[in-house]
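Raw contents of protein-v4.cif, mmCIF, C-alpha atoms:
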data_input
loop_
_atom_site.group_PDB
_atom_site.id
_atom_site.type_symbol
_atom_site.label_atom_id
_atom_site.label_comp_id
_atom_site.auth_asym_id
_atom_site.auth_seq_id
_atom_site.Cartn_x
_atom_site.Cartn_y
_atom_site.Cartn_z
ATOM 1 C CA MET A 1 -93.200 244.858 5.057
ATOM 2 C CA PHE A 2 -95.132 246.515 7.851
ATOM 3 C CA ILE A 3 -97.230 248.535 5.373
ATOM 4 C CA THR A 4 -99.376 246.727 2.800
ATOM 5 C CA LYS A 5 -101.040 247.870 -0.437
ATOM 6 C CA ASP A 6 -104.456 247.886 1.255
ATOM 7 C CA ASP A 7 -103.218 250.410 3.828
ATOM 8 C CA TYR A 8 -103.070 253.094 1.122
ATOM 9 C CA LEU A 9 -106.733 252.778 0.108
ATOM 10 C CA PRO A 10 -108.174 255.256 2.660
ATOM 11 C CA GLN A 11 -105.612 257.896 1.631
ATOM 12 C CA ILE A 12 -105.083 257.572 -2.121
ATOM 13 C CA LYS A 13 -106.779 255.878 -5.062
ATOM 14 C CA GLN A 14 -104.919 252.879 -6.437
ATOM 15 C CA ASN A 15 -104.618 254.328 -9.956
ATOM 16 C CA ASN A 16 -103.192 257.613 -8.564
ATOM 17 C CA LEU A 17 -100.619 255.708 -6.558
ATOM 18 C CA GLU A 18 -99.659 253.627 -9.605
ATOM 19 C CA SER A 19 -99.236 256.714 -11.764
ATOM 20 C CA MET A 20 -97.093 258.465 -9.123
ATOM 21 C CA ILE A 21 -94.716 255.515 -8.870
ATOM 22 C CA GLN A 22 -94.882 255.057 -12.645
ATOM 23 C CA ALA A 23 -95.953 251.415 -12.201
ATOM 24 C CA ASN A 24 -92.524 250.675 -10.690
ATOM 25 C CA PRO A 25 -93.008 248.685 -7.459
ATOM 26 C CA ALA A 26 -89.346 249.256 -6.503
ATOM 27 C CA ILE A 27 -90.124 252.935 -5.876
ATOM 28 C CA LEU A 28 -92.895 252.026 -3.454
ATOM 29 C CA THR A 29 -90.791 249.349 -1.748
ATOM 30 C CA SER A 30 -87.939 251.808 -1.263
ATOM 31 C CA ALA A 31 -90.246 254.504 0.127
ATOM 32 C CA GLU A 32 -91.829 251.972 2.494
ATOM 33 C CA ALA A 33 -88.410 250.905 3.777
ATOM 34 C CA MET A 34 -87.439 254.541 4.371
ATOM 35 C CA ALA A 35 -90.708 255.232 6.189
ATOM 36 C CA GLN A 36 -90.296 252.104 8.302
ATOM 37 C CA ASP A 37 -86.789 253.181 9.326
ATOM 38 C CA THR A 38 -88.101 256.639 10.182
ATOM 39 C CA LEU A 39 -90.780 255.115 12.413
ATOM 40 C CA LYS A 40 -88.194 252.895 14.092
ATOM 41 C CA SER A 41 -85.861 255.826 14.728
ATOM 42 C CA TYR A 42 -88.569 257.597 16.746
ATOM 43 C CA LEU A 43 -89.699 254.461 18.613
ATOM 44 C CA PHE A 44 -86.522 252.534 19.409
ATOM 45 C CA ASP A 45 -85.866 254.159 22.815
ATOM 46 C CA ARG A 46 -89.113 252.949 24.349
ATOM 47 C CA TYR A 47 -90.513 250.193 22.163
ATOM 48 C CA ASP A 48 -89.386 246.853 20.734
ATOM 49 C CA THR A 49 -89.210 247.912 17.086
ATOM 50 C CA ALA A 50 -88.315 244.416 15.845
ATOM 51 C CA LYS A 51 -91.591 243.058 17.242
ATOM 52 C CA ILE A 52 -93.550 246.055 15.987
ATOM 53 C CA VAL A 53 -92.496 245.757 12.336
ATOM 54 C CA ALA A 54 -92.896 241.966 12.434
ATOM 55 C CA THR A 55 -96.628 242.212 13.199
ATOM 56 C CA THR A 56 -99.097 241.716 10.378
ATOM 57 C CA GLY A 57 -102.758 242.263 9.637
ATOM 58 C CA THR A 58 -105.040 243.433 12.415
ATOM 59 C CA GLU A 59 -102.352 242.912 15.069
ATOM 60 C CA ARG A 60 -100.623 246.083 13.869
ATOM 61 C CA ASN A 61 -101.212 249.403 15.610
ATOM 62 C CA MET A 62 -103.327 251.179 13.001
ATOM 63 C CA HIS A 63 -102.275 254.651 14.122
ATOM 64 C CA LEU A 64 -98.683 253.658 13.454
ATOM 65 C CA VAL A 65 -99.710 252.235 10.073
ATOM 66 C CA GLN A 66 -101.367 255.555 9.240
ATOM 67 C CA CYS A 67 -98.163 257.364 10.240
ATOM 68 C CA GLY A 68 -96.193 255.056 7.941
ATOM 69 C CA VAL A 69 -98.547 255.665 5.027
ATOM 70 C CA ASN A 70 -98.283 259.428 5.561
ATOM 71 C CA LEU A 71 -94.483 259.182 5.439
ATOM 72 C CA VAL A 72 -94.537 257.011 2.301
ATOM 73 C CA LEU A 73 -96.927 259.321 0.457
ATOM 74 C CA HIS A 74 -94.817 262.341 1.338
ATOM 75 C CA LEU A 75 -91.702 260.601 -0.018
ATOM 76 C CA ILE A 76 -93.514 259.669 -3.228
ATOM 77 C CA TYR A 77 -94.896 263.171 -3.715
ATOM 78 C CA GLN A 78 -91.338 264.515 -3.429
ATOM 79 C CA ARG A 79 -90.547 262.692 -6.653
ATOM 80 C CA LEU A 80 -92.983 264.850 -8.616
ATOM 81 C CA PRO A 81 -91.596 267.693 -10.729
ATOM 82 C CA ASN A 82 -90.942 270.850 -8.704
ATOM 83 C CA HIS A 83 -91.833 268.931 -5.531
ATOM 84 C CA ARG A 84 -95.529 269.629 -5.998
ATOM 85 C CA ILE A 85 -96.655 268.145 -2.710
ATOM 86 C CA ALA A 86 -100.388 268.401 -2.138
ATOM 87 C CA PRO A 87 -101.273 270.541 0.901
ATOM 88 C CA HIS A 88 -103.177 267.704 2.593
ATOM 89 C CA VAL A 89 -100.158 265.386 2.182
ATOM 90 C CA GLU A 90 -97.832 268.031 3.639
ATOM 91 C CA ALA A 91 -100.209 268.589 6.566
ATOM 92 C CA ALA A 92 -100.474 264.840 7.250
ATOM 93 C CA TYR A 93 -96.681 264.523 7.116
ATOM 94 C CA ASN A 94 -96.182 267.406 9.567
ATOM 95 C CA GLU A 95 -98.816 265.986 11.911
ATOM 96 C CA THR A 96 -97.120 262.580 11.758
ATOM 97 C CA ILE A 97 -93.668 263.977 12.548
ATOM 98 C CA ASN A 98 -95.078 266.037 15.436
ATOM 99 C CA PHE A 99 -96.846 262.968 16.822
ATOM 100 C CA LEU A 100 -93.719 260.810 16.538
ATOM 101 C CA GLU A 101 -91.655 263.483 18.292
ATOM 102 C CA ARG A 102 -94.175 263.505 21.159
ATOM 103 C CA VAL A 103 -93.993 259.714 21.358
ATOM 104 C CA ALA A 104 -90.196 259.840 21.432
ATOM 105 C CA ASP A 105 -90.339 262.448 24.226
ATOM 106 C CA GLY A 106 -92.775 260.310 26.224
ATOM 107 C CA LYS A 107 -95.628 262.820 25.924
ATOM 108 C CA ASN A 108 -97.784 260.445 23.859
ATOM 109 C CA GLY A 109 -97.978 256.704 24.270
ATOM 110 C CA LEU A 110 -98.853 253.895 21.921
ATOM 111 C CA ASP A 111 -100.147 250.419 22.671
ATOM 112 C CA LEU A 112 -96.961 248.724 21.478
ATOM 113 C CA PRO A 113 -94.578 246.140 22.938
ATOM 114 C CA ARG A 114 -92.037 247.792 25.210
ATOM 115 C CA ARG A 115 -88.320 247.116 25.093
ATOM 116 C CA ILE A 116 -87.400 244.438 27.625
ATOM 117 C CA ASN A 117 -84.053 244.238 29.400
ATOM 118 C CA PRO A 118 -82.912 240.616 28.866
ATOM 119 C CA GLU A 119 -81.117 240.543 32.234
ATOM 120 C CA THR A 120 -83.968 241.792 34.414
ATOM 121 C CA GLY A 121 -87.002 240.912 32.294
ATOM 122 C CA LYS A 122 -88.412 244.386 32.958
ATOM 123 C CA ASN A 123 -89.117 247.307 30.649
ATOM 124 C CA GLN A 124 -85.902 248.877 29.420
ATOM 125 C CA ASN A 125 -85.594 252.617 29.028
ATOM 126 C CA THR A 126 -82.510 254.360 27.699
ATOM 127 C CA PHE A 127 -83.140 257.601 29.537
ATOM 128 C CA ARG A 128 -82.008 258.230 33.114
ATOM 129 C CA TRP A 129 -82.736 260.862 35.702
ATOM 130 C CA GLY A 130 -81.263 261.811 39.020
ATOM 131 C CA SER A 131 -80.729 264.546 41.556
ATOM 132 C CA GLN A 132 -77.005 265.135 41.686
ATOM 133 C CA ALA A 133 -75.807 268.606 42.531
ATOM 134 C CA LYS A 134 -75.065 270.869 39.572
ATOM 135 C CA ARG A 135 -71.355 270.922 38.681
ATOM 136 C CA SER A 136 -69.333 274.097 38.460
ATOM 137 C CA LEU A 137 -66.626 274.658 35.877
ATOM 138 C CA ILE A 138 -64.590 276.873 38.209
#

Mind converting the file's structure to structure tokens?
Amino acid sequence: MFITKDDYLPQIKQNNLESMIQANPAILTSAEAMAQDTLKSYLFDRYDTAKIVATTGTERNMHLVQCGVNLVLHLIYQRLPNHRIAPHVEAAYNETINFLERVADGKNGLDLPRRINPETGKNQNTFRWGSQAKRSLI
């Protein structure tokens, strides 16, 4: 997995995390997989997501790791009765989603491997632009 147990330490105490997942590692693994897929869905247009999630240790982009941890904690907090999500967790989640949306729109960049077109060997982007005249429906 892209996110490790040690990545949670700056955000939540180990015993609090264990009590929230009720000592069931499957809950954490499932939340991590969901968070990883969420990250990939925002990054896949511009970045090589397979390479990104395959990195380990200090080679990972720590801002992206922090985003992943924020997503995981938000998912875990949703499991609590009455969805009692702590305000700081909700704020971190909203900040993460806003950041990922800016990355997807090209307004923020990350130091990550870009998608490469196998035919040309150059960066591959799925968006196009042009200057064709506007069409009329009449």

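Here the question is which of A:His83, A:Asn98, A:Glu32, A:Gln78 gets nearest to A:Val65 using all atoms listed in the file, and that residue is A:Glu32.
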
### Message
When you count all atoms listed in the file, which of these residues is closest to A:Leu75: A:Asn24, A:Ser19, A:Thr29, A:Gln14?
### Response
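The closest residue to A:Leu75 is A:Thr29.
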
### Task
Have a look at atom CA of A:His63 and atom CA of A:Asn16 and let me know their distance in Å, one decimal.
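Answer for the atom CA of A:His63 to atom CA of A:Asn16 separation: 22.9 Å.
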
Counting all atoms listed in the file, which residues of stretch 8-63 of chain A sit at most 9 Å from some atom of stretch 100-111 of chain A, and what is each one's closest atom pair with its distance in Å to one decimal, listed by chain and rising residue number, as a tab-separated table?
residue	atom	partner	partner_atom	distance
A:Leu39	CA	A:Leu100	CA	7.6
A:Ser41	CA	A:Ala104	CA	8.9
A:Tyr42	CA	A:Ala104	CA	5.4
A:Leu43	CA	A:Ala104	CA	6.1
A:Phe44	CA	A:Ala104	CA	8.4
A:Asp45	CA	A:Ala104	CA	7.3
A:Arg46	CA	A:Ala104	CA	7.6
A:Asn61	CA	A:Asp111	CA	7.2
A:His63	CA	A:Leu110	CA	8.6

### Task
In the coordinate frame of the file, compute which residues have an atom within 9 Å of (-96.0, 262.2, 2.0) when using only C-alpha atoms, and state them as JSON, numbers by chain.
{"A": [69, 70, 71, 72, 73, 74, 75, 76, 77, 78, 85, 86, 89, 90, 91, 92, 93]}

### Task
Could you list the residues chosen by the PyMOL selection byres ((chain A and resi 5) around 12) in this structure as an MDAnalysis selection string?
chainID A and resid 1:4 6:14 17:18 25 28:29 32 57 65 69 72

### Message
Using all atoms listed in the file, which protein or nucleic acid residues come within 10 Å of A:Lys40? Drop anything in the same chain fewer than 3 positions from it, and give the result as a VMD selection string.
### Response
chain A and resid 34 to 37 43 to 45 47 to 50 52 to 53 100

Deliver the residues from the most recent selection as a file, using C-alpha atoms, as a compact mmCIF listing (two decimals), keeping the file's coordinate frame.
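Saved result, selection.txt, follows:
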# COMPACT_ATOMS: atom_id res chain seq x y z
CA MET A 34 -87.44 254.54 4.37
CA ALA A 35 -90.71 255.23 6.19
CA GLN A 36 -90.30 252.10 8.30
CA ASP A 37 -86.79 253.18 9.33
CA LEU A 43 -89.70 254.46 18.61
CA PHE A 44 -86.52 252.53 19.41
CA ASP A 45 -85.87 254.16 22.82
CA TYR A 47 -90.51 250.19 22.16
CA ASP A 48 -89.39 246.85 20.73
CA THR A 49 -89.21 247.91 17.09
CA ALA A 50 -88.32 244.42 15.84
CA ILE A 52 -93.55 246.06 15.99
CA VAL A 53 -92.50 245.76 12.34
CA LEU A 100 -93.72 260.81 16.54

### Distance of atom CA of A:Cys67 from atom CA of A:Asn117, expressed in Å to one decimal place
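Going from atom CA of A:Asn117 over to atom CA of A:Cys67 covers 27.2 Å.
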
#### Entry: Among listed residues A:Thr38, A:Leu80, A:Thr58, A:Arg114, nearest A:Ile97 (using all atoms listed in the file)
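Ranked by minimum distance to A:Ile97, first place goes to A:Thr38.
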
#### Entry: Separation of atom CA of A:Asn15 from atom CA of A:Asn82 in Å
21.5 Å

### Message
Calculated over only C-alpha atoms, which of the candidates A:Arg79, A:His88, A:Thr120, A:Phe99 has the smallest distance to A:Ile21?
### Response
A:Arg79

### Query
Taking all atoms listed in the file into account, which of A:Ser30, A:Pro113, A:Pro87, A:Glu119 comes nearest A:Glu59?
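Ranked by minimum distance to A:Glu59, first place goes to A:Pro113.
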
Could you model N, CA and C atoms for stretch 46-76 of chain A and present them as a compact mmCIF listing (two decimals), in the frame of the given file?
# COMPACT_ATOMS: atom_id res chain seq x y z
N ARG A 46 -88.09 253.44 23.43
CA ARG A 46 -89.11 252.95 24.35
C ARG A 46 -89.75 251.62 23.94
N TYR A 47 -89.74 251.33 22.66
CA TYR A 47 -90.51 250.19 22.16
C TYR A 47 -89.62 249.18 21.45
N ASP A 48 -90.09 247.94 21.41
CA ASP A 48 -89.39 246.85 20.73
C ASP A 48 -89.72 246.93 19.24
N THR A 49 -88.90 247.65 18.50
CA THR A 49 -89.21 247.91 17.09
C THR A 49 -89.17 246.65 16.24
N ALA A 50 -88.36 245.67 16.61
CA ALA A 50 -88.32 244.42 15.84
C ALA A 50 -89.67 243.71 15.91
N LYS A 51 -90.27 243.68 17.10
CA LYS A 51 -91.59 243.06 17.24
C LYS A 51 -92.66 243.87 16.52
N ILE A 52 -92.53 245.18 16.59
CA ILE A 52 -93.55 246.06 15.99
C ILE A 52 -93.62 245.85 14.48
N VAL A 53 -92.48 245.87 13.80
CA VAL A 53 -92.50 245.76 12.34
C VAL A 53 -92.74 244.33 11.88
N ALA A 54 -92.64 243.36 12.79
CA ALA A 54 -92.90 241.97 12.43
C ALA A 54 -94.39 241.63 12.48
N THR A 55 -95.20 242.49 13.11
CA THR A 55 -96.63 242.21 13.20
C THR A 55 -97.29 242.38 11.84
N THR A 56 -98.38 241.68 11.65
CA THR A 56 -99.10 241.72 10.38
C THR A 56 -100.59 241.85 10.63
N GLY A 57 -101.29 242.23 9.60
CA GLY A 57 -102.76 242.26 9.64
C GLY A 57 -103.32 243.15 10.72
N THR A 58 -104.35 242.64 11.40
CA THR A 58 -105.04 243.43 12.42
C THR A 58 -104.26 243.53 13.73
N GLU A 59 -103.17 242.82 13.86
CA GLU A 59 -102.35 242.91 15.07
C GLU A 59 -101.53 244.20 15.09
N ARG A 60 -101.41 244.85 13.94
CA ARG A 60 -100.62 246.08 13.87
C ARG A 60 -101.37 247.23 14.55
N ASN A 61 -100.62 248.19 15.07
CA ASN A 61 -101.21 249.40 15.61
C ASN A 61 -101.58 250.28 14.41
N MET A 62 -102.88 250.50 14.21
CA MET A 62 -103.33 251.18 13.00
C MET A 62 -102.93 252.66 12.96
N HIS A 63 -102.75 253.26 14.12
CA HIS A 63 -102.28 254.65 14.12
C HIS A 63 -100.85 254.70 13.59
N LEU A 64 -100.05 253.72 13.96
CA LEU A 64 -98.68 253.66 13.45
C LEU A 64 -98.67 253.35 11.96
N VAL A 65 -99.59 252.51 11.51
CA VAL A 65 -99.71 252.24 10.07
C VAL A 65 -100.06 253.52 9.33
N GLN A 66 -100.99 254.29 9.87
CA GLN A 66 -101.37 255.56 9.24
C GLN A 66 -100.16 256.49 9.18
N CYS A 67 -99.38 256.53 10.25
CA CYS A 67 -98.16 257.36 10.24
C CYS A 67 -97.22 256.90 9.13
N GLY A 68 -97.06 255.59 8.98
CA GLY A 68 -96.19 255.06 7.94
C GLY A 68 -96.68 255.42 6.55
N VAL A 69 -97.97 255.31 6.33
CA VAL A 69 -98.55 255.66 5.03
C VAL A 69 -98.33 257.15 4.74
N ASN A 70 -98.51 258.00 5.75
CA ASN A 70 -98.28 259.43 5.56
C ASN A 70 -96.83 259.70 5.16
N LEU A 71 -95.90 259.00 5.78
CA LEU A 71 -94.48 259.18 5.44
C LEU A 71 -94.19 258.70 4.03
N VAL A 72 -94.75 257.55 3.65
CA VAL A 72 -94.54 257.01 2.30
C VAL A 72 -95.10 257.96 1.25
N LEU A 73 -96.32 258.43 1.45
CA LEU A 73 -96.93 259.32 0.46
C LEU A 73 -96.14 260.61 0.32
N HIS A 74 -95.63 261.13 1.41
CA HIS A 74 -94.82 262.34 1.34
C HIS A 74 -93.55 262.08 0.53
N LEU A 75 -92.91 260.95 0.75
CA LEU A 75 -91.70 260.60 -0.02
C LEU A 75 -92.01 260.47 -1.51
N ILE A 76 -93.15 259.86 -1.82
CA ILE A 76 -93.51 259.67 -3.23
C ILE A 76 -93.86 261.00 -3.88
